[in-house]
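*Asks:* Just so it is clear, I am handing over coords-v2.pdb, which has PDB, C-alpha atoms, pLDDT in the B column.
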ATOM      1  CA  MET A   8     -45.040  79.301  40.685  1.00 81.00           C
ATOM      2  CA  LYS A   9     -42.404  79.188  37.958  1.00 91.00           C
ATOM      3  CA  PRO A  10     -42.789  76.902  34.896  1.00 92.00           C
ATOM      4  CA  LEU A  11     -39.952  74.540  35.922  1.00 95.00           C
ATOM      5  CA  LYS A  12     -41.442  73.925  39.350  1.00 96.00           C
ATOM      6  CA  ALA A  13     -44.915  73.570  37.819  1.00 95.00           C
ATOM      7  CA  ALA A  14     -43.625  71.040  35.283  1.00 97.00           C
ATOM      8  CA  ILE A  15     -41.932  68.980  37.994  1.00 97.00           C
ATOM      9  CA  LEU A  16     -45.059  68.990  40.169  1.00 97.00           C
ATOM     10  CA  TYR A  17     -47.270  68.067  37.200  1.00 97.00           C
ATOM     11  CA  PHE A  18     -44.922  65.260  36.216  1.00 97.00           C
ATOM     12  CA  LEU A  19     -44.659  63.955  39.791  1.00 97.00           C
ATOM     13  CA  ALA A  20     -48.425  63.928  40.308  1.00 97.00           C
ATOM     14  CA  VAL A  21     -49.113  62.048  37.092  1.00 97.00           C
ATOM     15  CA  PHE A  22     -46.139  59.681  37.337  1.00 95.00           C
ATOM     16  CA  THR A  23     -46.910  58.791  40.947  1.00 95.00           C
ATOM     17  CA  ALA A  24     -50.535  58.017  40.141  1.00 97.00           C
ATOM     18  CA  GLY A  25     -49.517  56.050  37.039  1.00 95.00           C
ATOM     19  CA  PHE A  26     -46.929  54.080  38.962  1.00 91.00           C
ATOM     20  CA  ALA A  27     -49.415  53.219  41.725  1.00 96.00           C
ATOM     21  CA  LEU A  28     -52.104  52.242  39.214  1.00 97.00           C
ATOM     22  CA  GLY A  29     -49.552  50.222  37.257  1.00 93.00           C
ATOM     23  CA  VAL A  30     -48.596  48.237  40.338  1.00 94.00           C
ATOM     24  CA  LEU A  31     -52.261  47.544  41.121  1.00 97.00           C
ATOM     25  CA  ARG A  32     -52.907  46.639  37.485  1.00 96.00           C
ATOM     26  CA  VAL A  33     -50.021  44.174  37.303  1.00 93.00           C
ATOM     27  CA  LEU A  34     -50.633  42.590  40.709  1.00 96.00           C
ATOM     28  CA  PHE A  35     -54.414  42.302  40.626  1.00 97.00           C
ATOM     29  CA  VAL A  36     -56.115  43.085  37.332  1.00 97.00           C
ATOM     30  CA  VAL A  37     -53.905  41.486  34.659  1.00 97.00           C
ATOM     31  CA  ASN A  38     -54.399  37.970  36.043  1.00 97.00           C
ATOM     32  CA  CYS A  39     -58.188  38.351  35.968  1.00 97.00           C
ATOM     33  CA  LEU A  40     -58.770  40.297  32.754  1.00 97.00           C
ATOM     34  CA  GLY A  41     -55.577  40.133  30.719  1.00 97.00           C
ATOM     35  CA  GLU A  42     -52.962  42.775  30.003  1.00 94.00           C
ATOM     36  CA  ARG A  43     -54.835  44.618  27.227  1.00 96.00           C
ATOM     37  CA  THR A  44     -58.080  44.992  29.171  1.00 97.00           C
ATOM     38  CA  ALA A  45     -56.236  45.966  32.343  1.00 97.00           C
ATOM     39  CA  GLU A  46     -54.308  48.682  30.505  1.00 96.00           C
ATOM     40  CA  LEU A  47     -57.445  49.981  28.804  1.00 97.00           C
ATOM     41  CA  ILE A  48     -59.299  50.149  32.127  1.00 97.00           C
ATOM     42  CA  GLU A  49     -56.437  52.189  33.572  1.00 97.00           C
ATOM     43  CA  GLN A  50     -56.489  54.815  30.811  1.00 97.00           C
ATOM     44  CA  PRO A  51     -59.678  56.729  31.790  1.00 97.00           C
ATOM     45  CA  ILE A  52     -58.467  56.900  35.383  1.00 98.00           C
ATOM     46  CA  MET A  53     -55.173  58.325  34.192  1.00 98.00           C
ATOM     47  CA  LEU A  54     -57.002  60.871  32.032  1.00 98.00           C
ATOM     48  CA  ILE A  55     -58.839  62.118  35.116  1.00 98.00           C
ATOM     49  CA  VAL A  56     -55.526  62.338  36.997  1.00 98.00           C
ATOM     50  CA  ILE A  57     -53.959  64.262  34.104  1.00 98.00           C
ATOM     51  CA  VAL A  58     -56.830  66.762  33.924  1.00 97.00           C
ATOM     52  CA  LEU A  59     -56.901  67.352  37.679  1.00 97.00           C
ATOM     53  CA  ALA A  60     -53.112  67.653  37.957  1.00 97.00           C
ATOM     54  CA  ALA A  61     -52.903  70.094  35.044  1.00 96.00           C
ATOM     55  CA  ARG A  62     -55.739  72.241  36.411  1.00 95.00           C
ATOM     56  CA  ARG A  63     -54.174  72.318  39.863  1.00 95.00           C
ATOM     57  CA  VAL A  64     -50.703  73.193  38.629  1.00 94.00           C
ATOM     58  CA  ILE A  65     -51.809  75.784  36.059  1.00 92.00           C
ATOM     59  CA  GLY A  66     -53.984  77.439  38.694  1.00 90.00           C
ATOM     60  CA  ARG A  67     -50.823  78.035  40.737  1.00 90.00           C
ATOM     61  CA  VAL A  68     -48.612  79.344  37.914  1.00 88.00           C
ATOM     62  CA  GLN A  69     -47.945  83.064  38.241  1.00 77.00           C
ATOM     63  CA  GLN A  70     -48.499  83.754  34.552  1.00 78.00           C
ATOM     64  CA  PRO A  71     -50.078  80.861  32.661  1.00 85.00           C
ATOM     65  CA  THR A  72     -49.069  82.303  29.289  1.00 89.00           C
ATOM     66  CA  PRO A  73     -48.863  80.061  26.211  1.00 89.00           C
ATOM     67  CA  ALA A  74     -45.050  80.176  26.402  1.00 91.00           C
ATOM     68  CA  ASN A  75     -45.051  79.104  30.061  1.00 91.00           C
ATOM     69  CA  CYS A  76     -47.520  76.323  29.328  1.00 93.00           C
ATOM     70  CA  ILE A  77     -45.417  75.052  26.433  1.00 93.00           C
ATOM     71  CA  ALA A  78     -42.365  75.055  28.710  1.00 95.00           C
ATOM     72  CA  ILE A  79     -44.345  73.113  31.318  1.00 95.00           C
ATOM     73  CA  LEU A  80     -45.575  70.537  28.812  1.00 94.00           C
ATOM     74  CA  LEU A  81     -42.141  70.005  27.243  1.00 96.00           C
ATOM     75  CA  ILE A  82     -40.315  69.640  30.559  1.00 97.00           C
ATOM     76  CA  ALA A  83     -42.999  67.385  32.045  1.00 97.00           C
ATOM     77  CA  LEU A  84     -43.175  65.219  28.909  1.00 97.00           C
ATOM     78  CA  ILE A  85     -39.406  64.771  28.769  1.00 97.00           C
ATOM     79  CA  LEU A  86     -39.334  63.844  32.471  1.00 97.00           C
ATOM     80  CA  LEU A  87     -42.248  61.432  32.118  1.00 95.00           C
ATOM     81  CA  VAL A  88     -40.985  59.587  29.055  1.00 93.00           C
ATOM     82  CA  THR A  89     -37.417  59.421  30.363  1.00 92.00           C
ATOM     83  CA  LEU A  90     -38.369  58.080  33.771  1.00 91.00           C
ATOM     84  CA  GLU A  91     -41.072  55.784  32.448  1.00 84.00           C
ATOM     85  CA  PHE A  92     -38.720  54.109  29.986  1.00 84.00           C
ATOM     86  CA  THR A  93     -36.004  53.924  32.623  1.00 86.00           C
ATOM     87  CA  VAL A  94     -38.351  52.244  35.119  1.00 79.00           C
ATOM     88  CA  VAL A  95     -39.828  49.914  32.507  1.00 72.00           C
ATOM     89  CA  LEU A  96     -36.422  48.905  31.228  1.00 78.00           C
ATOM     90  CA  TRP A  97     -34.968  48.470  34.701  1.00 82.00           C
ATOM     91  CA  VAL A  98     -37.937  46.649  36.266  1.00 77.00           C
ATOM     92  CA  ARG A  99     -38.708  44.440  33.287  1.00 75.00           C
ATOM     93  CA  GLY A 100     -35.143  44.094  32.068  1.00 82.00           C
ATOM     94  CA  ARG A 101     -36.107  44.887  28.473  1.00 80.00           C
ATOM     95  CA  LYS A 102     -34.751  46.977  25.625  1.00 82.00           C
ATOM     96  CA  ILE A 103     -36.725  50.006  24.435  1.00 80.00           C
ATOM     97  CA  SER A 104     -37.168  48.439  20.994  1.00 82.00           C
ATOM     98  CA  ASP A 105     -38.594  45.233  22.536  1.00 82.00           C
ATOM     99  CA  TYR A 106     -40.912  47.250  24.741  1.00 79.00           C
ATOM    100  CA  ILE A 107     -42.245  49.285  21.806  1.00 78.00           C
ATOM    101  CA  TYR A 108     -42.526  46.500  19.222  1.00 83.00           C
ATOM    102  CA  ASN A 109     -44.070  43.927  21.563  1.00 83.00           C
ATOM    103  CA  ARG A 110     -46.820  46.190  22.915  1.00 85.00           C
ATOM    104  CA  ASP A 111     -50.408  45.361  22.181  1.00 91.00           C
ATOM    105  CA  ARG A 112     -51.484  47.644  19.323  1.00 93.00           C
ATOM    106  CA  LEU A 113     -54.745  48.812  20.875  1.00 96.00           C
ATOM    107  CA  SER A 114     -53.346  49.510  24.331  1.00 93.00           C
ATOM    108  CA  GLY A 115     -50.234  50.981  22.679  1.00 91.00           C
ATOM    109  CA  ILE A 116     -52.372  53.468  20.752  1.00 95.00           C
ATOM    110  CA  ALA A 117     -54.255  54.288  23.961  1.00 95.00           C
ATOM    111  CA  TYR A 118     -50.902  54.865  25.682  1.00 92.00           C
ATOM    112  CA  LEU A 119     -49.776  57.253  22.931  1.00 94.00           C
ATOM    113  CA  LEU A 120     -53.082  59.119  23.168  1.00 96.00           C
ATOM    114  CA  MET A 121     -52.562  59.454  26.922  1.00 96.00           C
ATOM    115  CA  LEU A 122     -49.065  60.855  26.327  1.00 95.00           C
ATOM    116  CA  ALA A 123     -50.592  63.394  23.936  1.00 97.00           C
ATOM    117  CA  ALA A 124     -53.252  64.272  26.511  1.00 97.00           C
ATOM    118  CA  PHE A 125     -50.563  64.616  29.186  1.00 97.00           C
ATOM    119  CA  ALA A 126     -48.547  66.892  26.923  1.00 96.00           C
ATOM    120  CA  MET A 127     -51.437  69.111  25.829  1.00 96.00           C
ATOM    121  CA  MET A 128     -53.349  69.353  29.096  1.00 96.00           C
ATOM    122  CA  PRO A 129     -51.349  72.290  30.553  1.00 95.00           C
ATOM    123  CA  VAL A 130     -52.225  74.351  27.470  1.00 93.00           C
ATOM    124  CA  ILE A 131     -55.887  73.304  27.634  1.00 94.00           C
ATOM    125  CA  ALA A 132     -56.026  73.988  31.369  1.00 93.00           C
ATOM    126  CA  ALA A 133     -54.476  77.427  30.874  1.00 91.00           C
ATOM    127  CA  ARG A 134     -57.052  78.338  28.221  1.00 87.00           C
ATOM    128  CA  THR A 135     -59.834  77.256  30.542  1.00 82.00           C
ATOM    129  CA  TYR A 136     -58.199  79.141  33.430  1.00 73.00           C
ATOM    130  CA  ARG A 137     -57.882  82.353  31.386  1.00 65.00           C
ATOM    131  CA  THR A 138     -61.458  82.052  30.098  1.00 68.00           C
ATOM    132  CA  ASN A 139     -62.829  81.560  33.610  1.00 70.00           C
ATOM    133  CA  ARG A 140     -60.794  84.477  34.997  1.00 64.00           C
ATOM    134  CA  SER A 141     -61.953  86.840  32.241  1.00 61.00           C
ATOM    135  CA  GLY A 142     -65.583  85.921  32.848  1.00 60.00           C
ATOM    136  CA  SER A 143     -66.308  84.799  29.271  1.00 52.00           C
TER     137      SER A 143
END
Starting from the file, lay out its structure as structure tokens.

*Replies:*
Amino acid sequence: MKPLKAAILYFLAVFTAGFALGVLRVLFVVNCLGERTAELIEQPIMLIVIVLAARRVIGRVQQPTPANCIAILLIALILLVTLEFTVVLWVRGRKISDYIYNRDRLSGIAYLLMLAAFAMMPVIAARTYRTNRSGS
């Protein structure tokens, strides 16, 4: 699999799971536990999705070299952030600045950490993949 296709598949897997969890969070969990707690509960689930999606995609890349993995992470990150802000702005009818400045600080930091994990996971998965293939 080529890096562009891998990046799109990685992005789609993570975005789809995040969108589905976000709908469930907003419809069912926020009313019971509050927005901050609901978002923080969602984060570990998303981390598992990110790890599994990265491992699956990297395992199918023809040459999971560092350059290919960096291409995958950059393309996937750009797609994710672009679509996420587009959906958030369209669905909630908000400006990006309002969305960023009015976020809860704790859940906002957790969100940024998840973006970093999403971005770095293809590289981490490729290192693990190469280590396992070499038998070390």

*Asks:* Could you jot down the CA of Ile65 in chain A to CA of Leu80 in chain A separation for me, Å, one decimal place?

*Replies:*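 Value for the CA of Ile65 in chain A-CA of Leu80 in chain A distance: 10.9 Å.
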
*Asks:* The residues within 10 Å of (-52.0, 82.0, 29.6), using all atoms listed in the file and the coordinates of the file, should be reported as a PDB file with C-alpha atoms, in the frame of the given file; which are they?

*Replies:*
ATOM      1  CA  ILE A  65     -51.809  75.784  36.059  1.00 92.00           C
ATOM      2  CA  VAL A  68     -48.612  79.344  37.914  1.00 88.00           C
ATOM      3  CA  GLN A  69     -47.945  83.064  38.241  1.00 77.00           C
ATOM      4  CA  GLN A  70     -48.499  83.754  34.552  1.00 78.00           C
ATOM      5  CA  PRO A  71     -50.078  80.861  32.661  1.00 85.00           C
ATOM      6  CA  THR A  72     -49.069  82.303  29.289  1.00 89.00           C
ATOM      7  CA  PRO A  73     -48.863  80.061  26.211  1.00 89.00           C
ATOM      8  CA  ALA A  74     -45.050  80.176  26.402  1.00 91.00           C
ATOM      9  CA  ASN A  75     -45.051  79.104  30.061  1.00 91.00           C
ATOM     10  CA  CYS A  76     -47.520  76.323  29.328  1.00 93.00           C
ATOM     11  CA  PRO A 129     -51.349  72.290  30.553  1.00 95.00           C
ATOM     12  CA  VAL A 130     -52.225  74.351  27.470  1.00 93.00           C
ATOM     13  CA  ILE A 131     -55.887  73.304  27.634  1.00 94.00           C
ATOM     14  CA  ALA A 132     -56.026  73.988  31.369  1.00 93.00           C
ATOM     15  CA  ALA A 133     -54.476  77.427  30.874  1.00 91.00           C
ATOM     16  CA  ARG A 134     -57.052  78.338  28.221  1.00 87.00           C
ATOM     17  CA  THR A 135     -59.834  77.256  30.542  1.00 82.00           C
ATOM     18  CA  TYR A 136     -58.199  79.141  33.430  1.00 73.00           C
ATOM     19  CA  ARG A 137     -57.882  82.353  31.386  1.00 65.00           C
ATOM     20  CA  THR A 138     -61.458  82.052  30.098  1.00 68.00           C
TER      21      THR A 138
END

*Asks:* Residues of range 27-64 of chain A that approach range 108-114 of chain A to 9 Å or less, counting only C-alpha atoms: could you list each one with the shortest pair of atoms and its distance in Å to one decimal, rows by chain and increasing residue number, as CSV?

*Replies:*
residue,atom,partner,partner_atom,distance
A:Glu42,CA,A:Asp111,CA,8.6
A:Arg43,CA,A:Ser114,CA,5.9
A:Thr44,CA,A:Ser114,CA,8.1
A:Glu46,CA,A:Ser114,CA,6.3
A:Leu47,CA,A:Ser114,CA,6.1
A:Gln50,CA,A:Ser114,CA,8.9

*Asks:* Between A:Leu96, A:Val56, A:Ile107, A:Ala20, which residue has the minimum interatomic distance to Ala124 in chain A, considering only C-alpha atoms?

*Replies:* A:Val56

*Asks:* Which residue, A:Leu54, A:Leu59, A:Arg101, A:Gly29, has the smallest gap to Met121 in chain A when you use all atoms listed in the file?

*Replies:*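 Between A:Leu54, A:Leu59, A:Arg101, A:Gly29, the residue approaching Met121 in chain A most closely is A:Leu54.
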
*Asks:* Nearest to Leu28 in chain A among A:Pro10, A:Leu40, A:Met53, A:Ala61, with distances taken over all atoms listed in the file: which residue is it?

*Replies:*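 Smallest distance to Leu28 in chain A is found for A:Met53.
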
*Asks:* Quick one: residues within 12 Å of Leu11 in chain A, all atoms listed in the file, excluding same-chain residues fewer than 2 positions away - as a PDB file with C-alpha atoms, in the frame of the given file?

*Replies:*
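Dumped to result-v3.pdb:
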ATOM      1  CA  MET A   8     -45.040  79.301  40.685  1.00 81.00           C
ATOM      2  CA  LYS A   9     -42.404  79.188  37.958  1.00 91.00           C
ATOM      3  CA  ALA A  13     -44.915  73.570  37.819  1.00 95.00           C
ATOM      4  CA  ALA A  14     -43.625  71.040  35.283  1.00 97.00           C
ATOM      5  CA  ILE A  15     -41.932  68.980  37.994  1.00 97.00           C
ATOM      6  CA  LEU A  16     -45.059  68.990  40.169  1.00 97.00           C
ATOM      7  CA  TYR A  17     -47.270  68.067  37.200  1.00 97.00           C
ATOM      8  CA  PHE A  18     -44.922  65.260  36.216  1.00 97.00           C
ATOM      9  CA  VAL A  64     -50.703  73.193  38.629  1.00 94.00           C
ATOM     10  CA  ILE A  65     -51.809  75.784  36.059  1.00 92.00           C
ATOM     11  CA  VAL A  68     -48.612  79.344  37.914  1.00 88.00           C
ATOM     12  CA  GLN A  69     -47.945  83.064  38.241  1.00 77.00           C
ATOM     13  CA  ASN A  75     -45.051  79.104  30.061  1.00 91.00           C
ATOM     14  CA  CYS A  76     -47.520  76.323  29.328  1.00 93.00           C
ATOM     15  CA  ILE A  77     -45.417  75.052  26.433  1.00 93.00           C
ATOM     16  CA  ALA A  78     -42.365  75.055  28.710  1.00 95.00           C
ATOM     17  CA  ILE A  79     -44.345  73.113  31.318  1.00 95.00           C
ATOM     18  CA  LEU A  80     -45.575  70.537  28.812  1.00 94.00           C
ATOM     19  CA  LEU A  81     -42.141  70.005  27.243  1.00 96.00           C
ATOM     20  CA  ILE A  82     -40.315  69.640  30.559  1.00 97.00           C
ATOM     21  CA  ALA A  83     -42.999  67.385  32.045  1.00 97.00           C
ATOM     22  CA  LEU A  86     -39.334  63.844  32.471  1.00 97.00           C
TER      23      LEU A  86
END

*Asks:* Report, in Å to a single decimal, how far apart CA of Ile55 in chain A and CA of Ala24 in chain A are.

*Replies:* 10.5 Å

*Asks:* Give me, please, the distance in Å between CA of Val33 in chain A and CA of Leu120 in chain A, quoted to one decimal.

*Replies:*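 Separation of CA of Val33 in chain A and CA of Leu120 in chain A: 20.8 Å.
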
*Asks:* With 8 Å added on each side, what axis-aligned box encloses every listed atom of range 107-124 of chain A? Give the centre and edge lengths in Å to one decimal, as lines of an AutoDock Vina configuration file.

*Replies:*
center_x = -48.5
center_y = 54.1
center_z = 23.1
size_x = 28.5
size_y = 36.3
size_z = 23.7

*Asks:* Select, from A:Cys39, A:Ile57, A:Leu34, A:Ile48, the residue with the minimum atom-to-atom distance to Phe125 in chain A, counting only C-alpha atoms.

*Replies:*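 Closest candidate: A:Ile57.
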
*Asks:* Could you pull the residues within 12 Å of range 103-105 of chain A, counting all atoms listed in the file, minus those fewer than 5 positions along the same chain, as a compact mmCIF listing (two decimals) with C-alpha atoms, keeping the file's coordinate frame?

*Replies:*
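Output file part19.txt follows:
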# COMPACT_ATOMS: atom_id res chain seq x y z
CA VAL A 88 -40.98 59.59 29.06
CA THR A 89 -37.42 59.42 30.36
CA GLU A 91 -41.07 55.78 32.45
CA PHE A 92 -38.72 54.11 29.99
CA THR A 93 -36.00 53.92 32.62
CA VAL A 94 -38.35 52.24 35.12
CA VAL A 95 -39.83 49.91 32.51
CA LEU A 96 -36.42 48.90 31.23
CA TRP A 97 -34.97 48.47 34.70
CA ARG A 110 -46.82 46.19 22.92
CA ASP A 111 -50.41 45.36 22.18
